[in-house]
Amino acid sequence: RRVVVLAPGSAHHLVPLQLLALPPGADPELLAFDVASSFANLSESAIGVRQEEDVDDVFALCIEFNLPITVAKRLLRSPELIVRLARRSRNPERFLAFALRVRRAANSDRQGGLIARFSRITRLRFMRLMLGGASSCIDFAVLMASLMVILVDLSAPDHGCEEALRFVGHFLWKRLGRAGLSRPIGSPHFPVFIDEFQELLAAGPDVGPDLERCLRLVRARGISLHLATQSLAGLQKHASSLPEILRVNTGLHFVFRGGDLWDSALPVTGKKRR
């Protein structure tokens, strides 16, 4: 089998991540929702209702015209550009109203907060290249149909893009989960390896429940999840039932230097079948 390695935190192996490129047959509103959800989880502080509306509109506009997320900051600073695009849009009323809001909010804290969030995503050049330099985004459904092995490395880099990595990791998990759950029951075996999956759980409060759902449902669809982390401590803070879901739905555990009660139930080194 061919192996696909996704390491969005690596500046040397860039992943095609035009997150707003619409896959064939996909719902643009669902894509905008997924990206907006990942964007809202970028920081611990929540975004306001008006900001949510602006985020939805800027992503919808980018999706319609196949623009990368790196353009969003420019759109929020240029209502004139939004107006020009709106006049060519399939939904001009929506985006003309968006342009008016952007013009009225110029230099406000609301607009400045959104622009600052986009700046944190695109601060580093390699992140701008990944998010804006490709014409498409990695398609997990295609990889699964090709029966490739997917290795995902979500370890945090040393060069200060932890927030951007959380944003990308959250979105990739959404894409991976949707692709896995859309497979027919009884599909051919397909392994997915996720290193440092605790980093994935830190990407947003909805990731823990999503992981529980995938652990329960994807096995029947031929997918085996292989999760690696340096510690299992603190899983309850992401989802209260997650430790129990992991115990029940993982068939083989490897534990080294067990620390908490969950780990120490197994040998210090070695393996134990469920």
# chains A, B, ... in the order shown; residues from 1 in each chain; ligands from 1

$ select_by_dssp --residues "range 79-203 of chain A" --states "alpha helix (DSSP H)" --output "number ranges by chain"
A: 79-86, 92-104, 109-121, 125-132, 140-145, 162-181, 197-201

$ closest_atom_pairs --of "range 87-179 of chain A" --to "range 75-81 of chain A" --cutoff "9 Å" --atoms "only C-alpha atoms" --output "JSON lines"
{"residue": "A:Leu96", "atom": "CA", "partner": "A:Pro79", "partner_atom": "CA", "distance": 8.9}
{"residue": "A:Phe98", "atom": "CA", "partner": "A:Pro79", "partner_atom": "CA", "distance": 8.2}
{"residue": "A:Ala99", "atom": "CA", "partner": "A:Pro79", "partner_atom": "CA", "distance": 4.8}
{"residue": "A:Leu100", "atom": "CA", "partner": "A:Pro79", "partner_atom": "CA", "distance": 7.1}
{"residue": "A:Arg101", "atom": "CA", "partner": "A:Pro79", "partner_atom": "CA", "distance": 8.5}
{"residue": "A:Val102", "atom": "CA", "partner": "A:Pro79", "partner_atom": "CA", "distance": 5.9}
{"residue": "A:Arg103", "atom": "CA", "partner": "A:Pro79", "partner_atom": "CA", "distance": 5.8}
{"residue": "A:Ala106", "atom": "CA", "partner": "A:Arg77", "partner_atom": "CA", "distance": 7.4}
{"residue": "A:Asn107", "atom": "CA", "partner": "A:Arg77", "partner_atom": "CA", "distance": 8.9}
{"residue": "A:Gln111", "atom": "CA", "partner": "A:Leu76", "partner_atom": "CA", "distance": 7.4}
{"residue": "A:Leu114", "atom": "CA", "partner": "A:Leu76", "partner_atom": "CA", "distance": 8.4}
{"residue": "A:Ile115", "atom": "CA", "partner": "A:Leu76", "partner_atom": "CA", "distance": 7.2}

$ atom_distance --atom1 "CA of Ser182 in chain A" --atom2 "CA of Met144 in chain A"
10.8 Å

$ select_by_dssp --residues "range 153-260 of chain A" --states "strand (DSSP E)" --output "list of chain:residue names"
A:Asp153, A:Phe190, A:Pro191, A:Val192, A:Phe193, A:Ile194, A:Asp195, A:Ile223, A:Ser224, A:Leu225, A:His226, A:Leu227, A:Ala228, A:Leu252, A:His253, A:Phe254

$ write_last_selection --atoms "all heavy atoms" --output "tab-separated table (two decimals), in the first residue's frame"
chain	number	residue	atom	x	y	z
A	153	ASP	N	0.39	13.47	11.75
A	153	ASP	CA	1.25	13.92	12.84
A	153	ASP	C	0.79	15.31	13.27
A	153	ASP	O	0.94	16.27	12.52
A	153	ASP	CB	2.71	13.96	12.38
A	153	ASP	CG	3.65	14.39	13.51
A	153	ASP	OD1	3.16	14.56	14.64
A	153	ASP	OD2	4.85	14.56	13.25
A	190	PHE	N	-9.17	-0.12	6.19
A	190	PHE	CA	-8.43	1.10	5.92
A	190	PHE	C	-7.87	1.64	7.24
A	190	PHE	O	-8.63	2.06	8.11
A	190	PHE	CB	-9.34	2.15	5.27
A	190	PHE	CG	-8.62	3.41	4.90
A	190	PHE	CD1	-7.95	3.51	3.70
A	190	PHE	CD2	-8.61	4.50	5.75
A	190	PHE	CE1	-7.27	4.66	3.36
A	190	PHE	CE2	-7.94	5.66	5.42
A	190	PHE	CZ	-7.27	5.74	4.22
A	191	PRO	N	-6.53	1.64	7.44
A	191	PRO	CA	-5.96	2.10	8.70
A	191	PRO	C	-5.66	3.60	8.68
A	191	PRO	O	-5.21	4.15	7.69
A	191	PRO	CB	-4.67	1.29	8.81
A	191	PRO	CG	-4.27	1.05	7.39
A	191	PRO	CD	-5.53	1.00	6.56
A	192	VAL	N	-5.92	4.25	9.82
A	192	VAL	CA	-5.57	5.66	10.01
A	192	VAL	C	-4.75	5.76	11.30
A	192	VAL	O	-5.19	5.29	12.35
A	192	VAL	CB	-6.82	6.54	10.12
A	192	VAL	CG1	-6.42	7.99	10.41
A	192	VAL	CG2	-7.65	6.47	8.85
A	193	PHE	N	-3.57	6.34	11.21
A	193	PHE	CA	-2.69	6.51	12.36
A	193	PHE	C	-2.63	7.99	12.72
A	193	PHE	O	-2.34	8.83	11.86
A	193	PHE	CB	-1.27	6.01	12.06
A	193	PHE	CG	-1.20	4.54	11.76
A	193	PHE	CD1	-1.52	4.05	10.51
A	193	PHE	CD2	-0.80	3.64	12.74
A	193	PHE	CE1	-1.46	2.69	10.22
A	193	PHE	CE2	-0.72	2.28	12.46
A	193	PHE	CZ	-1.06	1.81	11.21
A	194	ILE	N	-2.90	8.32	13.99
A	194	ILE	CA	-2.85	9.72	14.44
A	194	ILE	C	-1.87	9.81	15.60
A	194	ILE	O	-2.11	9.26	16.69
A	194	ILE	CB	-4.23	10.23	14.88
A	194	ILE	CG1	-5.24	10.11	13.72
A	194	ILE	CG2	-4.14	11.68	15.34
A	194	ILE	CD1	-6.64	10.58	14.08
A	195	ASP	N	-0.74	10.46	15.37
A	195	ASP	CA	0.26	10.64	16.42
A	195	ASP	C	-0.09	11.90	17.22
A	195	ASP	O	-0.57	12.89	16.67
A	195	ASP	CB	1.65	10.78	15.79
A	195	ASP	CG	2.75	10.74	16.82
A	195	ASP	OD1	2.50	10.27	17.95
A	195	ASP	OD2	3.87	11.20	16.52
A	223	ILE	N	-12.67	0.96	8.96
A	223	ILE	CA	-11.60	1.87	9.38
A	223	ILE	C	-11.09	1.46	10.76
A	223	ILE	O	-11.88	1.26	11.69
A	223	ILE	CB	-12.08	3.33	9.41
A	223	ILE	CG1	-12.47	3.78	8.01
A	223	ILE	CG2	-11.01	4.25	9.98
A	223	ILE	CD1	-13.06	5.17	7.95
A	224	SER	N	-9.78	1.35	10.88
A	224	SER	CA	-9.17	1.12	12.18
A	224	SER	C	-8.35	2.35	12.56
A	224	SER	O	-7.49	2.78	11.81
A	224	SER	CB	-8.27	-0.13	12.16
A	224	SER	OG	-7.24	0.01	11.19
A	225	LEU	N	-8.68	2.93	13.70
A	225	LEU	CA	-7.96	4.10	14.20
A	225	LEU	C	-6.83	3.65	15.11
A	225	LEU	O	-7.05	2.85	16.04
A	225	LEU	CB	-8.92	5.01	14.98
A	225	LEU	CG	-9.88	5.88	14.16
A	225	LEU	CD1	-10.82	6.62	15.10
A	225	LEU	CD2	-9.13	6.86	13.29
A	226	HIS	N	-5.64	4.15	14.86
A	226	HIS	CA	-4.47	3.87	15.69
A	226	HIS	C	-4.05	5.20	16.33
A	226	HIS	O	-3.57	6.10	15.63
A	226	HIS	CB	-3.34	3.29	14.86
A	226	HIS	CG	-3.73	2.04	14.11
A	226	HIS	ND1	-3.36	0.78	14.53
A	226	HIS	CD2	-4.48	1.87	12.99
A	226	HIS	CE1	-3.87	-0.13	13.69
A	226	HIS	NE2	-4.55	0.52	12.75
A	227	LEU	N	-4.25	5.33	17.64
A	227	LEU	CA	-4.04	6.60	18.34
A	227	LEU	C	-2.80	6.50	19.21
A	227	LEU	O	-2.68	5.58	20.02
A	227	LEU	CB	-5.26	6.93	19.19
A	227	LEU	CG	-6.61	6.92	18.46
A	227	LEU	CD1	-7.75	7.14	19.46
A	227	LEU	CD2	-6.65	7.97	17.36
A	228	ALA	N	-1.90	7.45	19.07
A	228	ALA	CA	-0.66	7.47	19.86
A	228	ALA	C	-0.58	8.78	20.63
A	228	ALA	O	-0.90	9.85	20.11
A	228	ALA	CB	0.55	7.33	18.94
A	252	LEU	N	-6.54	-3.26	21.08
A	252	LEU	CA	-5.16	-3.57	21.45
A	252	LEU	C	-4.53	-2.32	22.04
A	252	LEU	O	-4.61	-1.23	21.45
A	252	LEU	CB	-4.36	-4.04	20.23
A	252	LEU	CG	-2.95	-4.57	20.47
A	252	LEU	CD1	-3.01	-5.84	21.31
A	252	LEU	CD2	-2.27	-4.86	19.14
A	253	HIS	N	-3.90	-2.45	23.22
A	253	HIS	CA	-3.30	-1.31	23.90
A	253	HIS	C	-1.81	-1.57	24.09
A	253	HIS	O	-1.42	-2.63	24.56
A	253	HIS	CB	-3.94	-1.07	25.28
A	253	HIS	CG	-5.44	-0.98	25.23
A	253	HIS	ND1	-6.25	-1.57	26.18
A	253	HIS	CD2	-6.27	-0.39	24.34
A	253	HIS	CE1	-7.52	-1.34	25.88
A	253	HIS	NE2	-7.56	-0.63	24.76
A	254	PHE	N	-0.98	-0.60	23.77
A	254	PHE	CA	0.45	-0.62	24.07
A	254	PHE	C	0.71	0.50	25.07
A	254	PHE	O	0.41	1.67	24.76
A	254	PHE	CB	1.29	-0.39	22.82
A	254	PHE	CG	1.23	-1.50	21.82
A	254	PHE	CD1	0.19	-1.57	20.90
A	254	PHE	CD2	2.20	-2.49	21.79
A	254	PHE	CE1	0.12	-2.59	19.98
A	254	PHE	CE2	2.13	-3.52	20.87
A	254	PHE	CZ	1.10	-3.58	19.97

$ closest_atom_pairs --of "range 31-119 of chain A" --to "range 13-19 of chain A" --cutoff "12 Å" --atoms "only C-alpha atoms" --output "JSON lines"
{"residue": "A:Leu31", "atom": "CA", "partner": "A:Leu19", "partner_atom": "CA", "distance": 8.5}
{"residue": "A:Ala32", "atom": "CA", "partner": "A:Leu19", "partner_atom": "CA", "distance": 9.4}
{"residue": "A:Phe33", "atom": "CA", "partner": "A:Leu19", "partner_atom": "CA", "distance": 11.7}
{"residue": "A:Asp34", "atom": "CA", "partner": "A:Leu19", "partner_atom": "CA", "distance": 9.5}
{"residue": "A:Val35", "atom": "CA", "partner": "A:Leu19", "partner_atom": "CA", "distance": 7.3}
{"residue": "A:Ala36", "atom": "CA", "partner": "A:Leu19", "partner_atom": "CA", "distance": 10.7}
{"residue": "A:Ser38", "atom": "CA", "partner": "A:Leu19", "partner_atom": "CA", "distance": 10.8}
{"residue": "A:Phe39", "atom": "CA", "partner": "A:Leu19", "partner_atom": "CA", "distance": 11.4}
{"residue": "A:Phe59", "atom": "CA", "partner": "A:Leu19", "partner_atom": "CA", "distance": 9.9}
{"residue": "A:Ala60", "atom": "CA", "partner": "A:Leu19", "partner_atom": "CA", "distance": 11.9}
{"residue": "A:Cys62", "atom": "CA", "partner": "A:Leu19", "partner_atom": "CA", "distance": 10.1}
{"residue": "A:Ile63", "atom": "CA", "partner": "A:Leu19", "partner_atom": "CA", "distance": 9.1}
{"residue": "A:Asn66", "atom": "CA", "partner": "A:Gln18", "partner_atom": "CA", "distance": 9.0}
{"residue": "A:Leu67", "atom": "CA", "partner": "A:Gln18", "partner_atom": "CA", "distance": 8.4}
{"residue": "A:Pro68", "atom": "CA", "partner": "A:Gln18", "partner_atom": "CA", "distance": 5.8}
{"residue": "A:Ile69", "atom": "CA", "partner": "A:Leu19", "partner_atom": "CA", "distance": 7.1}
{"residue": "A:Thr70", "atom": "CA", "partner": "A:Gln18", "partner_atom": "CA", "distance": 9.3}
{"residue": "A:Val71", "atom": "CA", "partner": "A:Gln18", "partner_atom": "CA", "distance": 11.3}

$ write_last_selection --atoms "all heavy atoms" --output "CSV table (one decimal), in the first residue's frame"
chain,number,residue,atom,x,y,z
A,31,LEU,N,-19.4,23.0,3.9
A,31,LEU,CA,-18.0,23.3,3.9
A,31,LEU,C,-17.7,24.6,4.7
A,31,LEU,O,-16.8,24.7,5.5
A,31,LEU,CB,-17.5,23.5,2.5
A,31,LEU,CG,-16.0,23.9,2.4
A,31,LEU,CD1,-15.1,22.9,3.0
A,31,LEU,CD2,-15.6,24.1,0.9
A,32,ALA,N,-18.6,25.7,4.4
A,32,ALA,CA,-18.4,26.9,5.2
A,32,ALA,C,-18.6,26.7,6.7
A,32,ALA,O,-17.9,27.3,7.5
A,32,ALA,CB,-19.4,28.0,4.6
A,33,PHE,N,-19.6,25.9,7.0
A,33,PHE,CA,-19.8,25.6,8.4
A,33,PHE,C,-18.6,24.9,9.1
A,33,PHE,O,-18.2,25.3,10.2
A,33,PHE,CB,-21.1,24.7,8.6
A,33,PHE,CG,-21.3,24.2,10.0
A,33,PHE,CD1,-21.9,25.1,10.9
A,33,PHE,CD2,-20.9,23.0,10.4
A,33,PHE,CE1,-22.1,24.6,12.2
A,33,PHE,CE2,-21.1,22.5,11.7
A,33,PHE,CZ,-21.7,23.4,12.6
A,34,ASP,N,-18.0,24.0,8.4
A,34,ASP,CA,-16.9,23.2,9.0
A,34,ASP,C,-15.7,24.2,9.2
A,34,ASP,O,-15.0,24.1,10.2
A,34,ASP,CB,-16.4,22.1,8.0
A,34,ASP,CG,-17.4,20.9,8.2
A,34,ASP,OD1,-18.1,20.8,9.2
A,34,ASP,OD2,-17.3,20.0,7.3
A,35,VAL,N,-15.4,25.0,8.2
A,35,VAL,CA,-14.3,25.9,8.3
A,35,VAL,C,-14.5,27.0,9.4
A,35,VAL,O,-13.7,27.3,10.2
A,35,VAL,CB,-13.9,26.6,7.0
A,35,VAL,CG1,-12.7,27.5,7.1
A,35,VAL,CG2,-13.7,25.6,5.9
A,36,ALA,N,-15.8,27.5,9.4
A,36,ALA,CA,-16.1,28.5,10.5
A,36,ALA,C,-16.1,27.9,11.9
A,36,ALA,O,-15.7,28.5,12.8
A,36,ALA,CB,-17.5,29.0,10.2
A,38,SER,N,-14.0,25.5,12.8
A,38,SER,CA,-12.6,25.4,13.2
A,38,SER,C,-12.0,26.7,13.5
A,38,SER,O,-11.2,26.9,14.4
A,38,SER,CB,-11.8,24.8,12.0
A,38,SER,OG,-12.3,23.5,11.7
A,39,PHE,N,-12.5,27.8,12.8
A,39,PHE,CA,-12.0,29.1,13.0
A,39,PHE,C,-12.5,29.6,14.4
A,39,PHE,O,-11.7,30.3,15.1
A,39,PHE,CB,-12.5,30.1,11.9
A,39,PHE,CG,-12.0,31.5,12.0
A,39,PHE,CD1,-10.8,31.8,11.6
A,39,PHE,CD2,-12.8,32.5,12.5
A,39,PHE,CE1,-10.3,33.1,11.6
A,39,PHE,CE2,-12.4,33.8,12.6
A,39,PHE,CZ,-11.1,34.1,12.2
A,59,PHE,N,-16.4,33.3,4.3
A,59,PHE,CA,-16.1,32.0,3.8
A,59,PHE,C,-17.0,31.6,2.7
A,59,PHE,O,-16.5,31.0,1.7
A,59,PHE,CB,-16.2,31.0,5.0
A,59,PHE,CG,-15.1,31.1,6.0
A,59,PHE,CD1,-15.3,30.6,7.3
A,59,PHE,CD2,-13.9,31.6,5.7
A,59,PHE,CE1,-14.3,30.7,8.2
A,59,PHE,CE2,-12.8,31.6,6.6
A,59,PHE,CZ,-13.0,31.2,7.9
A,60,ALA,N,-18.3,32.0,2.8
A,60,ALA,CA,-19.2,31.7,1.6
A,60,ALA,C,-18.7,32.4,0.4
A,60,ALA,O,-18.8,31.8,-0.7
A,60,ALA,CB,-20.6,32.1,2.0
A,62,CYS,N,-15.6,33.3,-0.4
A,62,CYS,CA,-14.4,32.7,-0.9
A,62,CYS,C,-14.7,31.3,-1.6
A,62,CYS,O,-14.1,31.0,-2.6
A,62,CYS,CB,-13.4,32.4,0.3
A,62,CYS,SG,-12.7,33.9,0.9
A,63,ILE,N,-15.6,30.6,-1.0
A,63,ILE,CA,-16.0,29.3,-1.6
A,63,ILE,C,-16.6,29.5,-3.0
A,63,ILE,O,-16.2,28.8,-3.9
A,63,ILE,CB,-17.0,28.5,-0.7
A,63,ILE,CG1,-16.2,28.0,0.6
A,63,ILE,CG2,-17.6,27.3,-1.4
A,63,ILE,CD1,-17.2,27.5,1.6
A,66,ASN,N,-13.8,30.4,-5.3
A,66,ASN,CA,-12.6,29.6,-5.2
A,66,ASN,C,-11.4,30.4,-4.8
A,66,ASN,O,-10.3,30.3,-5.3
A,66,ASN,CB,-12.3,28.9,-6.5
A,66,ASN,CG,-11.4,27.7,-6.4
A,66,ASN,OD1,-11.3,27.1,-5.3
A,66,ASN,ND2,-10.6,27.4,-7.4
A,67,LEU,N,-11.6,31.2,-3.7
A,67,LEU,CA,-10.5,31.9,-3.1
A,67,LEU,C,-10.0,31.3,-1.9
A,67,LEU,O,-10.8,30.7,-1.1
A,67,LEU,CB,-11.0,33.4,-2.8
A,67,LEU,CG,-11.5,34.2,-4.0
A,67,LEU,CD1,-12.1,35.5,-3.4
A,67,LEU,CD2,-10.4,34.5,-5.0
A,68,PRO,N,-8.7,31.3,-1.6
A,68,PRO,CA,-8.2,30.7,-0.4
A,68,PRO,C,-8.5,31.5,0.8
A,68,PRO,O,-8.8,32.7,0.8
A,68,PRO,CB,-6.6,30.6,-0.7
A,68,PRO,CG,-6.4,31.8,-1.6
A,68,PRO,CD,-7.6,31.9,-2.4
A,69,ILE,N,-8.3,30.9,2.0
A,69,ILE,CA,-8.6,31.6,3.3
A,69,ILE,C,-7.6,32.7,3.5
A,69,ILE,O,-7.9,33.7,4.3
A,69,ILE,CB,-8.5,30.6,4.4
A,69,ILE,CG1,-9.2,31.1,5.7
A,69,ILE,CG2,-7.1,30.2,4.7
A,69,ILE,CD1,-9.4,30.1,6.8
A,70,THR,N,-6.5,32.7,2.8
A,70,THR,CA,-5.5,33.8,3.0
A,70,THR,C,-6.0,35.1,2.5
A,70,THR,O,-5.5,36.2,2.7
A,70,THR,CB,-4.2,33.5,2.3
A,70,THR,OG1,-4.5,33.0,1.0
A,70,THR,CG2,-3.4,32.4,3.0
A,71,VAL,N,-7.1,35.1,1.7
A,71,VAL,CA,-7.7,36.3,1.1
A,71,VAL,C,-8.7,37.0,2.1
A,71,VAL,O,-9.0,38.1,1.9
A,71,VAL,CB,-8.4,36.0,-0.2
A,71,VAL,CG1,-9.1,37.2,-0.8
A,71,VAL,CG2,-7.4,35.5,-1.2

$ atom_distance --atom1 "CA of Leu200 in chain A" --atom2 "CA of Val55 in chain A"
22.8 Å

$ closest_residue --among "A:Ser119, A:Ser10, A:Ser241, A:Asn91" --to "Gly208 in chain A" --atoms "only C-alpha atoms"
A:Ser241

$ closest_residue --among "A:Glu196, A:Val152, A:Ala141, A:Val207" --to "Pro184 in chain A" --atoms "only C-alpha atoms"
A:Ala141

$ atom_distance --atom1 "CA of Ala202 in chain A" --atom2 "CA of Gly9 in chain A"
15.0 Å

$ closest_residue --among "A:Asp109, A:Glu244, A:Glu212, A:Glu64" --to "Ala86 in chain A" --atoms "only C-alpha atoms"
A:Glu64

$ closest_residue --among "A:Ser231, A:Arg166, A:Leu215, A:Ser89" --to "Gly251 in chain A" --atoms "only C-alpha atoms"
A:Leu215

$ closest_residue --among "A:Met127, A:Glu53, A:Ser37, A:Arg110" --to "Lys174 in chain A" --atoms "only C-alpha atoms"
A:Ser37

$ closest_residue --among "A:Leu30, A:Glu199, A:Glu52, A:Gly113" --to "Arg178 in chain A" --atoms "only C-alpha atoms"
A:Leu30

$ decode --residues "range 6-22 of chain A" --atoms "N, CA, C and O atoms" --output "tab-separated table (two decimals), in the first residue's frame"
chain	number	residue	atom	x	y	z
A	6	LEU	N	0.59	13.15	6.65
A	6	LEU	CA	0.11	14.53	6.79
A	6	LEU	C	0.73	15.11	8.05
A	6	LEU	O	0.42	14.66	9.16
A	7	ALA	N	1.61	16.08	7.88
A	7	ALA	CA	2.25	16.76	9.01
A	7	ALA	C	2.11	18.25	8.82
A	7	ALA	O	3.03	18.93	8.38
A	8	PRO	N	0.93	18.81	9.13
A	8	PRO	CA	0.70	20.23	8.86
A	8	PRO	C	1.61	21.15	9.66
A	8	PRO	O	1.72	22.33	9.32
A	9	GLY	N	2.26	20.65	10.71
A	9	GLY	CA	3.18	21.49	11.46
A	9	GLY	C	4.58	21.51	10.90
A	9	GLY	O	5.46	22.18	11.45
A	10	SER	N	4.84	20.80	9.81
A	10	SER	CA	6.16	20.74	9.22
A	10	SER	C	6.32	21.81	8.15
A	10	SER	O	5.49	21.94	7.25
A	11	ALA	N	7.40	22.57	8.24
A	11	ALA	CA	7.67	23.60	7.23
A	11	ALA	C	8.36	23.02	6.01
A	11	ALA	O	8.60	23.74	5.03
A	12	HIS	N	8.68	21.72	6.03
A	12	HIS	CA	9.44	21.11	4.93
A	12	HIS	C	8.59	20.19	4.06
A	12	HIS	O	9.00	19.83	2.96
A	13	HIS	N	7.41	19.78	4.55
A	13	HIS	CA	6.55	18.88	3.79
A	13	HIS	C	5.14	19.49	3.77
A	13	HIS	O	4.30	19.15	4.60
A	14	LEU	N	4.91	20.40	2.83
A	14	LEU	CA	3.67	21.16	2.82
A	14	LEU	C	2.51	20.30	2.33
A	14	LEU	O	2.63	19.55	1.36
A	15	VAL	N	1.37	20.42	3.02
A	15	VAL	CA	0.16	19.69	2.68
A	15	VAL	C	-0.75	20.62	1.87
A	15	VAL	O	-0.93	21.78	2.25
A	16	PRO	N	-1.33	20.16	0.75
A	16	PRO	CA	-2.27	21.02	0.02
A	16	PRO	C	-3.53	21.25	0.85
A	16	PRO	O	-4.32	20.34	1.06
A	17	LEU	N	-3.71	22.49	1.32
A	17	LEU	CA	-4.80	22.78	2.25
A	17	LEU	C	-5.57	24.02	1.81
A	17	LEU	O	-5.70	24.99	2.58
A	18	GLN	N	-6.06	24.00	0.59
A	18	GLN	CA	-6.98	25.06	0.20
A	18	GLN	C	-8.33	24.68	0.80
A	18	GLN	O	-9.16	24.04	0.15
A	19	LEU	N	-8.51	25.05	2.07
A	19	LEU	CA	-9.64	24.55	2.85
A	19	LEU	C	-10.98	24.93	2.25
A	19	LEU	O	-11.99	24.25	2.49
A	20	LEU	N	-11.02	26.02	1.48
A	20	LEU	CA	-12.29	26.52	0.94
A	20	LEU	C	-12.53	26.06	-0.49
A	20	LEU	O	-13.45	26.55	-1.14
A	21	ALA	N	-11.70	25.14	-1.00
A	21	ALA	CA	-11.94	24.56	-2.33
A	21	ALA	C	-13.08	23.55	-2.20
A	21	ALA	O	-13.01	22.62	-1.39
A	22	LEU	N	-14.11	23.72	-2.98
A	22	LEU	CA	-15.30	22.86	-2.87
A	22	LEU	C	-15.08	21.55	-3.61
A	22	LEU	O	-14.91	21.54	-4.83
